[in-house]
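*Asks:* For reference, this is model-v8.pdb, and it has PDB, C-alpha atoms.
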ATOM      1  CA  MET L  68       0.000   0.000   0.000
ATOM      2  CA  SER L  69       1.300   3.433  -0.929
ATOM      3  CA  ASP L  70       2.086   6.047   1.676
ATOM      4  CA  PRO L  71      -1.089   8.011   2.658
ATOM      5  CA  VAL L  72       0.961  11.196   3.005
ATOM      6  CA  ALA L  73       2.343  10.777  -0.496
ATOM      7  CA  ARG L  74      -1.159  10.170  -1.877
ATOM      8  CA  ALA L  75      -2.484  13.257  -0.128
ATOM      9  CA  ARG L  76       0.428  15.333  -1.420
ATOM     10  CA  ALA L  77      -0.102  14.101  -4.973
ATOM     11  CA  ALA L  78      -3.830  14.864  -4.790
ATOM     12  CA  ALA L  79      -3.167  18.363  -3.456
ATOM     13  CA  LEU L  80      -0.641  19.090  -6.214
ATOM     14  CA  ALA L  81      -3.058  17.848  -8.875
ATOM     15  CA  GLU L  82      -5.791  20.101  -7.494
ATOM     16  CA  LEU L  83      -3.475  23.103  -7.506
ATOM     17  CA  ARG L  84      -2.479  22.463 -11.112
ATOM     18  CA  ALA L  85      -6.143  22.216 -12.158
ATOM     19  CA  ALA L  86      -7.249  25.352 -10.299
ATOM     20  CA  PRO L  87      -7.766  28.462 -12.456
ATOM     21  CA  VAL L  88      -5.133  31.142 -12.040
ATOM     22  CA  ALA L  89      -6.296  34.745 -11.944
ATOM     23  CA  THR L  90      -4.794  37.118 -14.486
ATOM     24  CA  PRO L  91      -3.323  40.093 -12.582
ATOM     25  CA  TRP L  92      -5.636  43.078 -12.792
ATOM     26  CA  ARG L  93      -2.785  45.238 -14.094
ATOM     27  CA  ARG L  94      -2.776  43.042 -17.207
ATOM     28  CA  GLN L  95      -6.555  43.021 -17.496
ATOM     29  CA  VAL L  96      -7.008  46.800 -17.388
ATOM     30  CA  PRO L  97      -5.083  47.493 -20.642
ATOM     31  CA  ARG L  98      -7.147  44.827 -22.412
ATOM     32  CA  VAL L  99     -10.461  46.268 -21.262
ATOM     33  CA  VAL L 100      -9.395  49.847 -21.978
ATOM     34  CA  GLY L 101      -7.814  48.859 -25.288
ATOM     35  CA  ALA L 102     -11.009  47.140 -26.443
ATOM     36  CA  SER L 103     -13.172  50.210 -25.748
ATOM     37  CA  VAL L 104     -10.730  52.822 -27.017
ATOM     38  CA  GLY L 105      -9.739  50.696 -30.001
ATOM     39  CA  VAL L 106     -13.340  50.195 -31.104
ATOM     40  CA  CYS L 107     -14.012  53.924 -30.629
ATOM     41  CA  LEU L 108     -11.116  54.836 -32.892
ATOM     42  CA  LEU L 109     -11.995  52.208 -35.498
ATOM     43  CA  ALA L 110     -15.633  53.320 -35.537
ATOM     44  CA  GLY L 111     -14.531  56.926 -35.812
ATOM     45  CA  ALA L 112     -12.189  56.132 -38.683
ATOM     46  CA  GLY L 113     -14.982  54.257 -40.437
ATOM     47  CA  ALA L 114     -17.345  57.204 -40.053
ATOM     48  CA  ILE L 115     -14.771  59.586 -41.495
ATOM     49  CA  ILE L 116     -13.906  57.270 -44.404
ATOM     50  CA  ALA L 117     -17.601  56.803 -45.175
ATOM     51  CA  GLY L 118     -18.049  60.579 -45.288
ATOM     52  CA  LEU L 119     -20.369  60.674 -42.287
ATOM     53  CA  SER L 120     -18.103  63.096 -40.474
ATOM     54  CA  ASP L 121     -15.668  65.838 -41.447
ATOM     55  CA  GLY L 122     -13.193  68.252 -39.914
ATOM     56  CA  ALA L 123     -15.897  70.667 -38.817
ATOM     57  CA  SER L 124     -17.783  67.939 -36.946
ATOM     58  CA  LEU L 125     -14.581  66.764 -35.285
ATOM     59  CA  ALA L 126     -13.817  70.279 -34.085
ATOM     60  CA  GLU L 127     -17.371  70.886 -32.887
ATOM     61  CA  ARG L 128     -17.703  67.614 -31.010
ATOM     62  CA  GLY L 129     -14.073  67.292 -30.003
ATOM     63  CA  PRO L 130     -14.659  67.883 -26.265
ATOM     64  CA  ALA L 131     -17.390  65.247 -26.163
ATOM     65  CA  LEU L 132     -15.237  62.736 -28.063
ATOM     66  CA  VAL L 133     -12.277  63.282 -25.746
ATOM     67  CA  SER L 134     -14.570  62.966 -22.714
ATOM     68  CA  LEU L 135     -15.900  59.630 -23.975
ATOM     69  CA  LEU L 136     -12.391  58.278 -24.499
ATOM     70  CA  ALA L 137     -11.375  59.487 -21.031
ATOM     71  CA  LEU L 138     -14.409  57.799 -19.484
ATOM     72  CA  ALA L 139     -13.526  54.523 -21.224
ATOM     73  CA  VAL L 140     -10.031  54.673 -19.734
ATOM     74  CA  VAL L 141     -11.254  55.516 -16.229
ATOM     75  CA  ALA L 142     -13.959  52.825 -16.409
ATOM     76  CA  GLY L 143     -11.413  50.131 -17.223
ATOM     77  CA  GLN L 144      -9.359  51.074 -14.193
ATOM     78  CA  ALA L 145     -12.301  51.626 -11.863
ATOM     79  CA  SER L 146     -13.959  48.318 -12.653
ATOM     80  CA  LEU L 147     -10.915  46.105 -12.003
ATOM     81  CA  ALA L 148      -8.380  47.751  -9.704
ATOM     82  CA  PRO L 149      -8.776  46.484  -6.105
ATOM     83  CA  ARG L 150      -8.931  49.952  -4.529
ATOM     84  CA  ALA L 151     -10.596  51.736  -7.437
ATOM     85  CA  ARG L 152     -13.757  53.814  -7.144
ATOM     86  CA  PRO L 153     -16.357  52.595  -9.668
ATOM     87  CA  TRP L 154     -18.755  55.193  -8.296
ATOM     88  CA  ILE L 155     -16.725  57.858 -10.091
ATOM     89  CA  VAL L 156     -17.771  56.301 -13.395
ATOM     90  CA  ILE L 157     -21.342  55.657 -12.245
ATOM     91  CA  VAL L 158     -21.778  59.336 -11.351
ATOM     92  CA  THR L 159     -19.837  60.802 -14.275
ATOM     93  CA  ALA L 160     -21.437  58.753 -17.067
ATOM     94  CA  PRO L 161     -24.993  60.154 -16.609
ATOM     95  CA  LEU L 162     -23.561  63.679 -16.594
ATOM     96  CA  LEU L 163     -21.832  62.975 -19.886
ATOM     97  CA  MET L 164     -25.022  61.446 -21.282
ATOM     98  CA  ALA L 165     -26.914  64.610 -20.370
ATOM     99  CA  LEU L 166     -24.192  66.736 -21.982
ATOM    100  CA  LEU L 167     -24.442  64.783 -25.237
ATOM    101  CA  VAL L 168     -28.203  65.370 -25.313
ATOM    102  CA  LEU L 169     -28.106  69.055 -24.385
ATOM    103  CA  GLU L 170     -25.369  70.028 -26.815
ATOM    104  CA  ARG L 171     -27.092  68.408 -29.799
ATOM    105  CA  GLY L 172     -29.989  70.867 -30.044
ATOM    106  CA  ALA L 173     -32.438  70.526 -32.936
ATOM    107  CA  GLY L 174     -30.021  68.612 -35.134
ATOM    108  CA  LEU L 175     -30.584  67.748 -38.781
ATOM    109  CA  PRO L 176     -33.260  65.576 -40.390
ATOM    110  CA  SER L 177     -32.238  62.158 -41.659
ATOM    111  CA  THR L 178     -33.725  59.547 -43.972
ATOM    112  CA  THR L 179     -31.991  56.748 -42.045
ATOM    113  CA  PRO L 180     -34.372  54.884 -39.686
ATOM    114  CA  ALA L 181     -33.764  55.885 -36.073
ATOM    115  CA  TRP L 182     -33.387  52.271 -34.925
ATOM    116  CA  VAL L 183     -30.212  51.945 -37.019
ATOM    117  CA  CYS L 184     -28.393  54.019 -34.421
ATOM    118  CA  SER L 185     -29.569  51.794 -31.582
ATOM    119  CA  VAL L 186     -28.541  48.609 -33.356
ATOM    120  CA  SER L 187     -25.169  49.945 -34.529
ATOM    121  CA  HIS L 188     -24.335  51.387 -31.114
ATOM    122  CA  VAL L 189     -25.096  48.123 -29.350
ATOM    123  CA  GLY L 190     -23.192  46.265 -32.072
ATOM    124  CA  VAL L 191     -19.955  48.201 -31.651
ATOM    125  CA  GLY L 192     -20.231  47.708 -27.898
ATOM    126  CA  VAL L 193     -20.246  43.908 -28.141
ATOM    127  CA  LEU L 194     -16.460  43.423 -28.319
ATOM    128  CA  PRO L 195     -15.578  45.642 -25.323
ATOM    129  CA  LEU L 196     -18.521  44.124 -23.447
ATOM    130  CA  VAL L 197     -17.203  40.594 -24.005
ATOM    131  CA  VAL L 198     -13.685  41.606 -22.950
ATOM    132  CA  GLY L 199     -15.094  43.301 -19.857
ATOM    133  CA  LEU L 200     -17.184  40.253 -18.933
ATOM    134  CA  TRP L 201     -14.118  38.032 -19.282
ATOM    135  CA  ALA L 202     -12.199  40.301 -16.916
ATOM    136  CA  LEU L 203     -15.037  40.440 -14.393
ATOM    137  CA  ARG L 204     -15.094  36.640 -14.166
ATOM    138  CA  GLN L 205     -11.595  36.773 -12.710
ATOM    139  CA  SER L 206     -12.363  39.166  -9.879
ATOM    140  CA  ALA L 207     -14.780  39.369  -6.975
ATOM    141  CA  TRP L 208     -18.130  40.434  -8.452
ATOM    142  CA  THR L 209     -19.898  43.587  -7.302
ATOM    143  CA  TRP L 210     -22.612  45.379  -9.195
ATOM    144  CA  PRO L 211     -20.817  48.768  -9.143
ATOM    145  CA  ARG L 212     -17.793  47.161 -10.829
ATOM    146  CA  ALA L 213     -20.024  45.451 -13.377
ATOM    147  CA  LEU L 214     -21.937  48.670 -14.084
ATOM    148  CA  ALA L 215     -18.709  50.647 -14.496
ATOM    149  CA  THR L 216     -17.487  48.001 -16.954
ATOM    150  CA  GLY L 217     -20.702  48.249 -18.941
ATOM    151  CA  LEU L 218     -20.588  52.042 -18.981
ATOM    152  CA  GLY L 219     -17.055  51.853 -20.324
ATOM    153  CA  ALA L 220     -18.114  49.453 -23.080
ATOM    154  CA  GLY L 221     -21.083  51.676 -23.939
ATOM    155  CA  THR L 222     -18.859  54.649 -24.720
ATOM    156  CA  THR L 223     -18.091  53.029 -28.082
ATOM    157  CA  GLY L 224     -21.623  53.487 -29.387
ATOM    158  CA  ALA L 225     -21.832  57.016 -28.048
ATOM    159  CA  PHE L 226     -18.521  57.835 -29.742
ATOM    160  CA  LEU L 227     -19.824  56.531 -33.063
ATOM    161  CA  GLY L 228     -23.023  58.518 -32.627
ATOM    162  CA  GLU L 229     -21.130  61.752 -32.061
ATOM    163  CA  LEU L 230     -19.297  61.276 -35.347
ATOM    164  CA  ALA L 231     -21.822  59.641 -37.632
ATOM    165  CA  CYS L 232     -25.223  60.913 -36.500
ATOM    166  CA  HIS L 233     -26.422  64.513 -36.774
ATOM    167  CA  GLN L 234     -30.003  64.187 -35.558
ATOM    168  CA  GLY L 235     -31.493  66.114 -32.667
ATOM    169  CA  ALA L 236     -31.505  65.856 -28.891
ATOM    170  CA  LEU L 237     -34.567  63.608 -28.586
ATOM    171  CA  HIS L 238     -33.025  61.109 -30.985
ATOM    172  CA  VAL L 239     -29.779  61.133 -29.010
ATOM    173  CA  LEU L 240     -31.658  60.592 -25.746
ATOM    174  CA  VAL L 241     -33.709  57.656 -27.018
ATOM    175  CA  HIS L 242     -31.355  55.880 -29.406
ATOM    176  CA  HIS L 243     -27.816  56.867 -28.379
ATOM    177  CA  VAL L 244     -28.187  57.086 -24.616
ATOM    178  CA  GLY L 245     -30.717  54.253 -24.716
ATOM    179  CA  ALA L 246     -28.196  51.943 -26.396
ATOM    180  CA  TRP L 247     -25.530  52.990 -23.893
ATOM    181  CA  VAL L 248     -27.812  52.183 -20.959
ATOM    182  CA  PHE L 249     -28.768  48.861 -22.575
ATOM    183  CA  VAL L 250     -25.121  47.770 -22.861
ATOM    184  CA  SER L 251     -24.456  48.842 -19.274
ATOM    185  CA  VAL L 252     -27.425  46.982 -17.808
ATOM    186  CA  ALA L 253     -26.642  43.928 -19.948
ATOM    187  CA  CYS L 254     -23.145  43.854 -18.464
ATOM    188  CA  VAL L 255     -24.537  43.788 -14.910
ATOM    189  CA  VAL L 256     -27.139  41.119 -15.677
ATOM    190  CA  ILE L 257     -24.858  38.830 -17.693
ATOM    191  CA  SER L 258     -21.869  39.130 -15.357
ATOM    192  CA  ARG L 259     -24.062  38.373 -12.339
ATOM    193  CA  GLY L 260     -25.003  35.051 -13.883
ATOM    194  CA  LEU L 261     -21.500  34.008 -14.921
ATOM    195  CA  ARG L 262     -19.582  31.548 -12.819
ATOM    196  CA  PRO L 263     -16.393  33.179 -11.499
ATOM    197  CA  ARG L 264     -13.115  31.597 -12.592
ATOM    198  CA  THR L 265     -11.410  32.854  -9.435
ATOM    199  CA  PHE L 266     -12.302  34.897  -6.400
ATOM    200  CA  ALA L 267      -9.459  37.370  -6.670
ATOM    201  CA  PRO L 268     -10.127  40.867  -5.279
TER
END
Let me see the file written as structure tokens.
*Replies:*
Amino acid sequence: MSDPVARARAAALAELRAAPVATPWRRQVPRVVGASVGVCLLAGAGAIIAGLSDGASLAERGPALVSLLALAVVAGQASLAPRARPWIVIVTAPLLMALLVLERGAGLPSTTPAWVCSVSHVGVGVLPLVVGLWALRQSAWTWPRALATGLGAGTTGAFLGELACHQGALHVLVHHVGAWVFVSVACVVISRGLRPRTFAP
């Protein structure tokens, strides 16, 4: 009969090898931020190439675009860093949403169906949402962290809307902000139901 101590040691080592290893949050943050910022820039480049935006629009909406990129960066940090403050994102995002609506004014008429904005904004948010959900699985779940992650992912659609859409404030409120809120809530709901890979802080 084999040594019980040796068997116990072998079993413990096998369990340790099979256990999931958390990716350090300092490596996760650049991935989450890079997904949101990268999609923003790609969507912006696509809008410019397609002729949906020009130099005048960039200059006019420059502060809003920079603010959205900054929020994406802060959200990535706030949702994953152990001592971060996700409430900063949760409070700031609605203020930025309100700013996007108020600065739009009457806007310009468009022949494009309004729902196209909602669908496209949710669509460009899918990649950063997936990356954010993957990162959340490797940390201790809290709804403020999940909401901050979703708000960061939702900046991609808002960024595209600032460049490609020129309709009025009501349209922005319903279809741009609505899509942003949808992505954010989806992140909380989906992440809450995912099984954590680790219980790292």
*Asks:* With a distance cut-off of 9 Å and only C-alpha atoms, select the neighbouring residues of Leu132 of chain L, excluding the residue or stretch itself and same-chain residues fewer than 6 positions from it, and output the selection as a PyMOL selection string.
*Replies:* chain L and resi 125+225-226+229-230
*Asks:* Identify the residues within 10 Å of coordinate (-21.2, 46.0, -9.0) (same frame as the file), considering all atoms listed in the file, and give the answer as a PyMOL selection string.
*Replies:* chain L and resi 146+153-154+203+207-216+254-255+258-259
*Asks:* Restricted to C-alpha atoms, what would the selected residues look like written as a compact mmCIF listing (two decimals), keeping the file's coordinate frame?
*Replies:*
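Okay, this is what ended up in part.txt:
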# COMPACT_ATOMS: atom_id res chain seq x y z
CA SER L 146 -13.96 48.32 -12.65
CA PRO L 153 -16.36 52.60 -9.67
CA TRP L 154 -18.76 55.19 -8.30
CA LEU L 203 -15.04 40.44 -14.39
CA ALA L 207 -14.78 39.37 -6.98
CA TRP L 208 -18.13 40.43 -8.45
CA THR L 209 -19.90 43.59 -7.30
CA TRP L 210 -22.61 45.38 -9.20
CA PRO L 211 -20.82 48.77 -9.14
CA ARG L 212 -17.79 47.16 -10.83
CA ALA L 213 -20.02 45.45 -13.38
CA LEU L 214 -21.94 48.67 -14.08
CA ALA L 215 -18.71 50.65 -14.50
CA THR L 216 -17.49 48.00 -16.95
CA CYS L 254 -23.14 43.85 -18.46
CA VAL L 255 -24.54 43.79 -14.91
CA SER L 258 -21.87 39.13 -15.36
CA ARG L 259 -24.06 38.37 -12.34
*Asks:* Just checking: using all atoms listed in the file, which residue out of L:Arg150, L:His242, L:Arg94, L:His188 ends up closest to Val106 of chain L?
*Replies:*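 Closest to Val106 of chain L, using all atoms listed in the file: L:His188.
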*Asks:* Hey, what's within 9 Å of Leu196 of chain L if we count all atoms listed in the file and toss same-chain stuff fewer than 6 positions away? As number ranges by chain, please?
*Replies:* L: 99, 102-103, 216-217, 219-221, 250-251, 253-254
*Asks:* Next, dump the selected residues to file, keeping only C-alpha atoms, as a compact mmCIF listing (two decimals), keeping the file's coordinate frame.
*Replies:*
# COMPACT_ATOMS: atom_id res chain seq x y z
CA VAL L 99 -10.46 46.27 -21.26
CA ALA L 102 -11.01 47.14 -26.44
CA SER L 103 -13.17 50.21 -25.75
CA THR L 216 -17.49 48.00 -16.95
CA GLY L 217 -20.70 48.25 -18.94
CA GLY L 219 -17.06 51.85 -20.32
CA ALA L 220 -18.11 49.45 -23.08
CA GLY L 221 -21.08 51.68 -23.94
CA VAL L 250 -25.12 47.77 -22.86
CA SER L 251 -24.46 48.84 -19.27
CA ALA L 253 -26.64 43.93 -19.95
CA CYS L 254 -23.14 43.85 -18.46
*Asks:* What is the atom CA of Gly260 of chain L to atom CA of Leu194 of chain L distance in Å?
*Replies:* 18.7 Å
*Asks:* What would the selection look like, as a ChimeraX atom specification, if the PyMOL selection byres ((chain L and resi 139) around 7) were run on the coordinates I just shared?
*Replies:* /L:100,103-104,135-138,140-143,219,222
*Asks:* Distance atom CA of Glu170 of chain L-atom CA of His238 of chain L, one decimal place?
*Replies:*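 Atom-to-atom, atom CA of Glu170 of chain L to atom CA of His238 of chain L, that is 12.5 Å.
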*Asks:* Between atom CA of Gly101 of chain L and atom CA of Val197 of chain L, what is the spacing in Å?
*Replies:*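 According to the coordinates, atom CA of Val197 of chain L and atom CA of Gly101 of chain L are separated by 12.6 Å.
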*Asks:* Apply the PyMOL selection byres ((chain L and resi 240) around 12) to the file shown and report the selected residues as an MDAnalysis selection string.
*Replies:* chainID L and resid 161 163:172 181 184:185 225 228 234:239 241:248
*Asks:* Just checking: using all atoms listed in the file, which residue out of L:Val183, L:Val189, L:Ala131, L:Leu261 ends up closest to Leu162 of chain L?
*Replies:*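 So, comparing all the options, the nearest one is L:Ala131.
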*Asks:* Running the PyMOL selection byres ((chain L and resi 175) around 6) on this model by hand, what would come out? Give it as a list in words.
*Replies:* Gly174, Pro176, His233 and Gln234 of chain L
*Asks:* Using only the atoms of segment 174-183 of chain L listed in the file, plus 4 Å on each side, state the axis-aligned box centre and edge lengths in Å rounded to one decimal, as JSON.
*Replies:*
{"center_x": -32.2, "center_y": 60.3, "center_z": -39.4, "size_x": 12.4, "size_y": 24.7, "size_z": 17.0}
*Asks:* Given the point (-14.7, 54.4, -33.3) in the file's coordinates, find the residues that have an atom at most 9 Å from it, counting only C-alpha atoms, and give them as a list in words.
*Replies:*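 It turns out the residues near that spot are Ser103, Val104, Gly105, Val106, Cys107, Leu108, Leu109, Ala110, Gly111, Ala112, Gly113, Ala114, Val191, Thr223, Gly224, Phe226, Leu227 and Leu230 of chain L.
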